[in-house]
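model-v8.pdb (PDB, N, CA and C atoms and all ligand atoms)
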```pdb
MODEL        1
ATOM      1  N   MET G 718      91.980  77.227  98.081  1.00  0.00           N
ATOM      2  CA  MET G 718      92.879  78.344  98.399  1.00  0.00           C
ATOM      3  C   MET G 718      94.221  77.776  98.845  1.00  0.00           C
ATOM      4  N   ALA G 719      95.284  78.132  98.145  1.00  0.00           N
ATOM      5  CA  ALA G 719      96.625  77.652  98.510  1.00  0.00           C
ATOM      6  C   ALA G 719      97.336  78.723  99.327  1.00  0.00           C
ATOM      7  N   ILE G 720      98.415  78.331  99.986  1.00  0.00           N
ATOM      8  CA  ILE G 720      99.216  79.303 100.736  1.00  0.00           C
ATOM      9  C   ILE G 720      99.755  80.345  99.756  1.00  0.00           C
ATOM     10  N   GLY G 721      99.592  81.622 100.111  1.00  0.00           N
ATOM     11  CA  GLY G 721     100.042  82.689  99.229  1.00  0.00           C
ATOM     12  C   GLY G 721      99.021  83.039  98.162  1.00  0.00           C
ATOM     13  N   ASP G 722      97.856  82.467  98.242  1.00  0.00           N
ATOM     14  CA  ASP G 722      96.794  82.677  97.251  1.00  0.00           C
ATOM     15  C   ASP G 722      95.532  82.957  98.067  1.00  0.00           C
ATOM     16  N   TRP G 723      95.421  84.193  98.548  1.00  0.00           N
ATOM     17  CA  TRP G 723      94.465  84.490  99.612  1.00  0.00           C
ATOM     18  C   TRP G 723      93.145  85.038  99.089  1.00  0.00           C
ATOM     19  N   ARG G 724      92.087  84.444  99.613  1.00  0.00           N
ATOM     20  CA  ARG G 724      90.743  84.895  99.255  1.00  0.00           C
ATOM     21  C   ARG G 724      89.952  85.217 100.506  1.00  0.00           C
ATOM     22  N   VAL G 725      89.050  86.164 100.350  1.00  0.00           N
ATOM     23  CA  VAL G 725      88.212  86.587 101.472  1.00  0.00           C
ATOM     24  C   VAL G 725      86.779  86.711 100.969  1.00  0.00           C
ATOM     25  N   ALA G 726      85.852  86.137 101.716  1.00  0.00           N
ATOM     26  CA  ALA G 726      84.441  86.289 101.354  1.00  0.00           C
ATOM     27  C   ALA G 726      83.860  87.477 102.105  1.00  0.00           C
ATOM     28  N   TYR G 727      83.058  88.261 101.363  1.00  0.00           N
ATOM     29  CA  TYR G 727      82.416  89.425 101.959  1.00  0.00           C
ATOM     30  C   TYR G 727      81.097  89.670 101.244  1.00  0.00           C
ATOM     31  N   LYS G 728      80.010  89.686 102.007  1.00  0.00           N
ATOM     32  CA  LYS G 728      78.661  89.909 101.473  1.00  0.00           C
ATOM     33  C   LYS G 728      78.384  89.043 100.256  1.00  0.00           C
ATOM     34  N   GLY G 729      78.719  87.775 100.343  1.00  0.00           N
ATOM     35  CA  GLY G 729      78.361  86.803  99.304  1.00  0.00           C
ATOM     36  C   GLY G 729      79.324  86.709  98.144  1.00  0.00           C
ATOM     37  N   LEU G 730      80.309  87.595  98.120  1.00  0.00           N
ATOM     38  CA  LEU G 730      81.281  87.560  97.022  1.00  0.00           C
ATOM     39  C   LEU G 730      82.651  87.159  97.559  1.00  0.00           C
ATOM     40  N   VAL G 731      83.418  86.489  96.719  1.00  0.00           N
ATOM     41  CA  VAL G 731      84.765  86.068  97.119  1.00  0.00           C
ATOM     42  C   VAL G 731      85.780  86.923  96.365  1.00  0.00           C
ATOM     43  N   TYR G 732      86.628  87.602  97.133  1.00  0.00           N
ATOM     44  CA  TYR G 732      87.647  88.485  96.553  1.00  0.00           C
ATOM     45  C   TYR G 732      89.020  87.837  96.668  1.00  0.00           C
ATOM     46  N   ASP G 733      89.831  88.029  95.638  1.00  0.00           N
ATOM     47  CA  ASP G 733      91.214  87.564  95.667  1.00  0.00           C
ATOM     48  C   ASP G 733      92.077  88.733  96.152  1.00  0.00           C
ATOM     49  N   VAL G 734      92.610  88.611  97.381  1.00  0.00           N
ATOM     50  CA  VAL G 734      93.405  89.696  97.962  1.00  0.00           C
ATOM     51  C   VAL G 734      94.906  89.371  97.956  1.00  0.00           C
ATOM     52  N   THR G 735      95.278  88.420  97.116  1.00  0.00           N
ATOM     53  CA  THR G 735      96.671  87.957  97.050  1.00  0.00           C
ATOM     54  C   THR G 735      97.664  89.094  96.832  1.00  0.00           C
ATOM     55  N   THR G 736      97.282  90.088  96.054  1.00  0.00           N
ATOM     56  CA  THR G 736      98.238  91.143  95.723  1.00  0.00           C
ATOM     57  C   THR G 736      98.399  92.174  96.845  1.00  0.00           C
ATOM     58  N   SER G 737      97.606  92.065  97.906  1.00  0.00           N
ATOM     59  CA  SER G 737      97.673  93.056  98.975  1.00  0.00           C
ATOM     60  C   SER G 737      98.813  92.784  99.948  1.00  0.00           C
ATOM     61  N   SER G 738      99.614  93.801 100.221  1.00  0.00           N
ATOM     62  CA  SER G 738     100.678  93.647 101.230  1.00  0.00           C
ATOM     63  C   SER G 738     100.057  93.486 102.618  1.00  0.00           C
ATOM     64  N   PHE G 739      98.829  93.939 102.785  1.00  0.00           N
ATOM     65  CA  PHE G 739      98.173  93.844 104.091  1.00  0.00           C
ATOM     66  C   PHE G 739      97.629  92.449 104.374  1.00  0.00           C
ATOM     67  N   TRP G 740      97.619  91.582 103.342  1.00  0.00           N
ATOM     68  CA  TRP G 740      97.131  90.210 103.514  1.00  0.00           C
ATOM     69  C   TRP G 740      98.211  89.185 103.171  1.00  0.00           C
ATOM     70  N   ARG G 741      99.459  89.631 103.125  1.00  0.00           N
ATOM     71  CA  ARG G 741     100.556  88.819 102.600  1.00  0.00           C
ATOM     72  C   ARG G 741     100.668  87.456 103.283  1.00  0.00           C
ATOM     73  N   THR G 742     100.447  87.423 104.596  1.00  0.00           N
ATOM     74  CA  THR G 742     100.594  86.154 105.330  1.00  0.00           C
ATOM     75  C   THR G 742      99.280  85.379 105.422  1.00  0.00           C
ATOM     76  N   GLY G 743      98.196  85.985 104.973  1.00  0.00           N
ATOM     77  CA  GLY G 743      96.890  85.340 105.119  1.00  0.00           C
ATOM     78  C   GLY G 743      96.205  85.718 106.419  1.00  0.00           C
ATOM     79  N   LEU G 744      96.939  86.409 107.299  1.00  0.00           N
ATOM     80  CA  LEU G 744      96.370  86.879 108.570  1.00  0.00           C
ATOM     81  C   LEU G 744      96.478  88.397 108.588  1.00  0.00           C
ATOM     82  N   HIS G 745      95.324  89.069 108.579  1.00  0.00           N
ATOM     83  CA  HIS G 745      95.264  90.525 108.460  1.00  0.00           C
ATOM     84  C   HIS G 745      95.211  91.171 109.843  1.00  0.00           C
ATOM     85  N   ARG G 746      96.163  92.027 110.133  1.00  0.00           N
ATOM     86  CA  ARG G 746      96.231  92.782 111.388  1.00  0.00           C
ATOM     87  C   ARG G 746      96.181  91.851 112.617  1.00  0.00           C
ATOM     88  N   ASP G 747      96.800  90.671 112.475  1.00  0.00           N
ATOM     89  CA  ASP G 747      96.860  89.692 113.581  1.00  0.00           C
ATOM     90  C   ASP G 747      95.487  89.224 114.053  1.00  0.00           C
ATOM     91  N   LEU G 748      94.454  89.439 113.236  1.00  0.00           N
ATOM     92  CA  LEU G 748      93.101  89.134 113.708  1.00  0.00           C
ATOM     93  C   LEU G 748      92.227  88.385 112.712  1.00  0.00           C
ATOM     94  N   HIS G 749      92.387  88.685 111.443  1.00  0.00           N
ATOM     95  CA  HIS G 749      91.406  88.220 110.468  1.00  0.00           C
ATOM     96  C   HIS G 749      92.063  87.308 109.443  1.00  0.00           C
ATOM     97  N   TRP G 750      91.568  86.078 109.373  1.00  0.00           N
ATOM     98  CA  TRP G 750      92.133  85.091 108.459  1.00  0.00           C
ATOM     99  C   TRP G 750      91.488  85.159 107.085  1.00  0.00           C
ATOM    100  N   ALA G 751      92.326  85.031 106.060  1.00  0.00           N
ATOM    101  CA  ALA G 751      91.797  84.783 104.719  1.00  0.00           C
ATOM    102  C   ALA G 751      91.133  83.400 104.733  1.00  0.00           C
ATOM    103  N   GLY G 752      90.329  83.137 103.724  1.00  0.00           N
ATOM    104  CA  GLY G 752      89.658  81.844 103.643  1.00  0.00           C
ATOM    105  C   GLY G 752      88.364  81.804 104.430  1.00  0.00           C
ATOM    106  N   GLN G 753      87.954  82.946 104.972  1.00  0.00           N
ATOM    107  CA  GLN G 753      86.729  82.974 105.761  1.00  0.00           C
ATOM    108  C   GLN G 753      85.763  84.015 105.208  1.00  0.00           C
ATOM    109  N   ASP G 754      84.519  83.883 105.655  1.00  0.00           N
ATOM    110  CA  ASP G 754      83.526  84.915 105.376  1.00  0.00           C
ATOM    111  C   ASP G 754      83.682  85.984 106.466  1.00  0.00           C
ATOM    112  N   LEU G 755      84.187  87.150 106.084  1.00  0.00           N
ATOM    113  CA  LEU G 755      84.491  88.199 107.062  1.00  0.00           C
ATOM    114  C   LEU G 755      83.444  89.318 107.070  1.00  0.00           C
ATOM    115  N   THR G 756      82.270  89.019 106.552  1.00  0.00           N
ATOM    116  CA  THR G 756      81.213  90.036 106.474  1.00  0.00           C
ATOM    117  C   THR G 756      80.946  90.677 107.836  1.00  0.00           C
ATOM    118  N   ASP G 757      80.807  89.851 108.860  1.00  0.00           N
ATOM    119  CA  ASP G 757      80.453  90.393 110.176  1.00  0.00           C
ATOM    120  C   ASP G 757      81.618  91.118 110.837  1.00  0.00           C
ATOM    121  N   GLU G 758      82.832  90.849 110.373  1.00  0.00           N
ATOM    122  CA  GLU G 758      84.019  91.402 111.042  1.00  0.00           C
ATOM    123  C   GLU G 758      84.409  92.792 110.537  1.00  0.00           C
ATOM    124  N   ILE G 759      83.792  93.240 109.460  1.00  0.00           N
ATOM    125  CA  ILE G 759      84.131  94.572 108.958  1.00  0.00           C
ATOM    126  C   ILE G 759      83.816  95.631 110.019  1.00  0.00           C
ATOM    127  N   ALA G 760      82.890  95.316 110.905  1.00  0.00           N
ATOM    128  CA  ALA G 760      82.534  96.266 111.974  1.00  0.00           C
ATOM    129  C   ALA G 760      83.719  96.559 112.889  1.00  0.00           C
ATOM    130  N   ASP G 761      84.691  95.642 112.943  1.00  0.00           N
ATOM    131  CA  ASP G 761      85.875  95.849 113.784  1.00  0.00           C
ATOM    132  C   ASP G 761      86.943  96.689 113.084  1.00  0.00           C
ATOM    133  N   ALA G 762      86.778  96.893 111.789  1.00  0.00           N
ATOM    134  CA  ALA G 762      87.846  97.520 111.001  1.00  0.00           C
ATOM    135  C   ALA G 762      87.791  99.037 111.084  1.00  0.00           C
ATOM    136  N   PRO G 763      88.942  99.691 110.949  1.00  0.00           N
ATOM    137  CA  PRO G 763      88.967 101.153 110.933  1.00  0.00           C
ATOM    138  C   PRO G 763      88.647 101.713 109.551  1.00  0.00           C
ATOM    139  N   HIS G 764      88.349 100.816 108.611  1.00  0.00           N
ATOM    140  CA  HIS G 764      88.058 101.234 107.231  1.00  0.00           C
ATOM    141  C   HIS G 764      86.706 100.657 106.811  1.00  0.00           C
ATOM    142  N   THR G 765      86.215 101.118 105.673  1.00  0.00           N
ATOM    143  CA  THR G 765      84.941 100.614 105.157  1.00  0.00           C
ATOM    144  C   THR G 765      85.184  99.488 104.153  1.00  0.00           C
ATOM    145  N   GLU G 766      84.093  98.988 103.575  1.00  0.00           N
ATOM    146  CA  GLU G 766      84.195  97.921 102.575  1.00  0.00           C
ATOM    147  C   GLU G 766      84.803  98.422 101.264  1.00  0.00           C
ATOM    148  N   LEU G 767      85.010  99.739 101.154  1.00  0.00           N
ATOM    149  CA  LEU G 767      85.622 100.272  99.922  1.00  0.00           C
ATOM    150  C   LEU G 767      87.016  99.705  99.699  1.00  0.00           C
ATOM    151  N   VAL G 768      87.618  99.151 100.761  1.00  0.00           N
ATOM    152  CA  VAL G 768      88.953  98.555 100.587  1.00  0.00           C
ATOM    153  C   VAL G 768      88.939  97.399  99.572  1.00  0.00           C
ATOM    154  N   PHE G 769      87.758  96.842  99.309  1.00  0.00           N
ATOM    155  CA  PHE G 769      87.689  95.718  98.366  1.00  0.00           C
ATOM    156  C   PHE G 769      87.670  96.145  96.905  1.00  0.00           C
ATOM    157  N   HIS G 770      87.517  97.446  96.658  1.00  0.00           N
ATOM    158  CA  HIS G 770      87.213  97.865  95.281  1.00  0.00           C
ATOM    159  C   HIS G 770      88.269  97.443  94.257  1.00  0.00           C
ATOM    160  N   LYS G 771      89.524  97.326  94.686  1.00  0.00           N
ATOM    161  CA  LYS G 771      90.565  97.054  93.689  1.00  0.00           C
ATOM    162  C   LYS G 771      90.891  95.570  93.512  1.00  0.00           C
ATOM    163  N   PHE G 772      90.158  94.720  94.225  1.00  0.00           N
ATOM    164  CA  PHE G 772      90.459  93.291  94.146  1.00  0.00           C
ATOM    165  C   PHE G 772      89.435  92.557  93.273  1.00  0.00           C
ATOM    166  N   PRO G 773      89.920  91.582  92.493  1.00  0.00           N
ATOM    167  CA  PRO G 773      88.993  90.871  91.607  1.00  0.00           C
ATOM    168  C   PRO G 773      88.036  89.959  92.375  1.00  0.00           C
ATOM    169  N   ILE G 774      86.805  89.906  91.904  1.00  0.00           N
ATOM    170  CA  ILE G 774      85.823  88.961  92.441  1.00  0.00           C
ATOM    171  C   ILE G 774      86.049  87.635  91.727  1.00  0.00           C
ATOM    172  N   VAL G 775      86.310  86.595  92.511  1.00  0.00           N
ATOM    173  CA  VAL G 775      86.653  85.301  91.909  1.00  0.00           C
ATOM    174  C   VAL G 775      85.624  84.223  92.227  1.00  0.00           C
ATOM    175  N   GLY G 776      84.581  84.586  92.956  1.00  0.00           N
ATOM    176  CA  GLY G 776      83.562  83.582  93.244  1.00  0.00           C
ATOM    177  C   GLY G 776      82.394  84.184  93.991  1.00  0.00           C
ATOM    178  N   ARG G 777      81.375  83.354  94.143  1.00  0.00           N
ATOM    179  CA  ARG G 777      80.175  83.736  94.888  1.00  0.00           C
ATOM    180  C   ARG G 777      79.865  82.633  95.867  1.00  0.00           C
ATOM    181  N   LEU G 778      79.415  82.987  97.063  1.00  0.00           N
ATOM    182  CA  LEU G 778      79.032  81.965  98.028  1.00  0.00           C
ATOM    183  C   LEU G 778      77.656  81.438  97.670  1.00  0.00           C
ATOM    184  N   LYS G 779      77.487  80.129  97.787  1.00  0.00           N
ATOM    185  CA  LYS G 779      76.156  79.542  97.612  1.00  0.00           C
ATOM    186  C   LYS G 779      75.452  79.582  98.949  1.00  0.00           C
ATOM    187  N   ILE G 780      74.255  80.086  98.958  1.00  0.00           N
ATOM    188  CA  ILE G 780      73.536  80.174 100.237  1.00  0.00           C
ATOM    189  C   ILE G 780      72.418  79.154 100.267  1.00  0.00           C
TER     190      ILE G 780
HETATM  191  C1  LIG H 801      90.839  94.959 113.615  1.00  0.00           C
HETATM  192  C2  LIG H 801      90.353  94.994 112.381  1.00  0.00           C
HETATM  193  C3  LIG H 801      91.081  95.589 111.219  1.00  0.00           C
HETATM  194  C4  LIG H 801      92.098  96.488 111.156  1.00  0.00           C
HETATM  195  C5  LIG H 801      92.812  97.169 112.316  1.00  0.00           C
HETATM  196  C6  LIG H 801      92.392  96.713 109.760  1.00  0.00           C
HETATM  197  C7  LIG H 801      93.347  97.581 109.291  1.00  0.00           C
HETATM  198  C8  LIG H 801      93.636  97.841 107.969  1.00  0.00           C
HETATM  199  C9  LIG H 801      94.566  98.818 107.477  1.00  0.00           C
HETATM  200  C10 LIG H 801      95.400  99.760 108.356  1.00  0.00           C
HETATM  201  C11 LIG H 801      94.549  98.754 106.138  1.00  0.00           C
HETATM  202  C12 LIG H 801      95.352  99.595 105.157  1.00  0.00           C
HETATM  203  C13 LIG H 801      94.844 100.985 105.096  1.00  0.00           C
HETATM  204  C14 LIG H 801      93.559 101.154 104.391  1.00  0.00           C
HETATM  205  O1  LIG H 801      93.412 100.664 103.265  1.00  0.00           O
HETATM  206  O2  LIG H 801      92.655 101.852 104.959  1.00  0.00           O
HETATM  207  C15 LIG H 801      93.617  97.715 105.765  1.00  0.00           C
HETATM  208  C16 LIG H 801      93.349  97.342 104.486  1.00  0.00           C
HETATM  209  C17 LIG H 801      92.450  96.352 104.134  1.00  0.00           C
HETATM  210  N1  LIG H 801      91.623  95.636 104.983  1.00  0.00           N
HETATM  211 FE1  LIG H 801      91.596  95.789 106.973  1.00  0.00          FE
HETATM  212  N2  LIG H 801      91.566  95.941 109.000  1.00  0.00           N
HETATM  213  C18 LIG H 801      90.753  95.243 109.849  1.00  0.00           C
HETATM  214  C19 LIG H 801      89.766  94.357 109.492  1.00  0.00           C
HETATM  215  C20 LIG H 801      89.466  93.967 108.211  1.00  0.00           C
HETATM  216  C21 LIG H 801      88.432  93.039 107.844  1.00  0.00           C
HETATM  217  C22 LIG H 801      87.499  92.342 108.806  1.00  0.00           C
HETATM  218  C23 LIG H 801      88.465  92.926 106.497  1.00  0.00           C
HETATM  219  C24 LIG H 801      87.569  92.105 105.592  1.00  0.00           C
HETATM  220  C25 LIG H 801      86.237  92.066 105.755  1.00  0.00           C
HETATM  221  C26 LIG H 801      89.536  93.774 106.017  1.00  0.00           C
HETATM  222  C27 LIG H 801      89.902  93.924 104.688  1.00  0.00           C
HETATM  223  C28 LIG H 801      90.871  94.773 104.217  1.00  0.00           C
HETATM  224  C29 LIG H 801      91.239  94.904 102.829  1.00  0.00           C
HETATM  225  C30 LIG H 801      90.665  94.111 101.658  1.00  0.00           C
HETATM  226  C31 LIG H 801      92.221  95.904 102.769  1.00  0.00           C
HETATM  227  C32 LIG H 801      92.876  96.469 101.528  1.00  0.00           C
HETATM  228  C33 LIG H 801      94.290  96.018 101.413  1.00  0.00           C
HETATM  229  C34 LIG H 801      95.030  96.724 100.297  1.00  0.00           C
HETATM  230  O3  LIG H 801      94.608  97.778  99.809  1.00  0.00           O
HETATM  231  O4  LIG H 801      96.067  96.196  99.888  1.00  0.00           O
HETATM  232  N3  LIG H 801      90.113  94.399 107.083  1.00  0.00           N
HETATM  233  N4  LIG H 801      93.062  97.184 106.905  1.00  0.00           N
ENDMDL
END
```

Since I need it in another form, could you write the structure as structure tokens?
Ligand code: HEM
Amino acid sequence: MAIGDWRVAYKGLVYDVTTSSFWRTGLHRDLHWAGQDLTDEIADAPHTELVFHKFPIVGRLKI
């Protein structure tokens, strides 16, 4: 993951959120970093996982 090329892992899938203005700096709402598995952190969000629907899946986590 390069600067300006932001990915977020959620429930085993890796999403490319680069096109989102809400992830422009790689730090979302001063709390959540791109490049991490944020599955457990969705509970802190005022929105559901539906926010991921428009972003491409670019990978899968190996467990
Ligand atoms: C304190 C926690 C959080 C706050 C206050 C927050 C707030 C917001 C707001 C206001 C939006 C734009 C409005 C919307 O689409 O409903 C948004 C979009 C989004 N959030 Fe969060 N969020 C938080 C945590 C998270 C976490 C933990 C994730 C990932 C698991 C996440 C992923 C996203 C994504 C992918 C979008 C869509 C961006 C877009 O449509 O361009 N957020 N968030």

Subject >> Close residues to ligand LIG 801 (chain H) using all atoms listed in the file, limit 6.5 Å, as a PyMOL selection string >> reply: chain G and resi 726-727+734+736-740+745-746+748-749+755-764+768-769

Subject >> Point-to-point distance in Å for CA of Ile780 (chain G) and CA of Ala751 (chain G) >> reply: 19.4 Å

Please give the centre and size of the box around region 766-775 of chain G (axis-aligned, containing every atom listed in the file, 6 Å added per side), with values in Å to one decimal and written as AutoDock Vina command-line options.
```
--center_x 87.5 --center_y 92.2 --center_z 97.6 --size_x 18.8 --size_y 28.0 --size_z 24.0
```

Original post:
Which one of G:Asp722, G:Lys771, G:Gln753, G:Gly776 sits closest to Arg741 (chain G) if you count only N, CA and C atoms?
Top reply: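 Of G:Asp722, G:Lys771, G:Gln753, G:Gly776, the one nearest Arg741 (chain G) is G:Asp722, counting only N, CA and C atoms.
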
Original post:
Quick one, how far is atom N of Ile720 (chain G) from atom C of Leu778 (chain G)?
Top reply: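 Between atom N of Ile720 (chain G) and atom C of Leu778 (chain G) the gap works out to 21.1 Å.
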
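Residues within 6 Å of Gly752 (chain G), counting only N, CA and C atoms and excluding same-chain residues fewer than 2 positions away, are Trp723, Arg724, Val725, Ala726, Trp750 and Asp754 of chain G.
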
Original post:
Tell me, which residues of chain G carry DSSP strand (DSSP E or B), written as a ChimeraX atom specification?
Top reply: /G:724-727,730-733,744-745,749-750,754,774-777
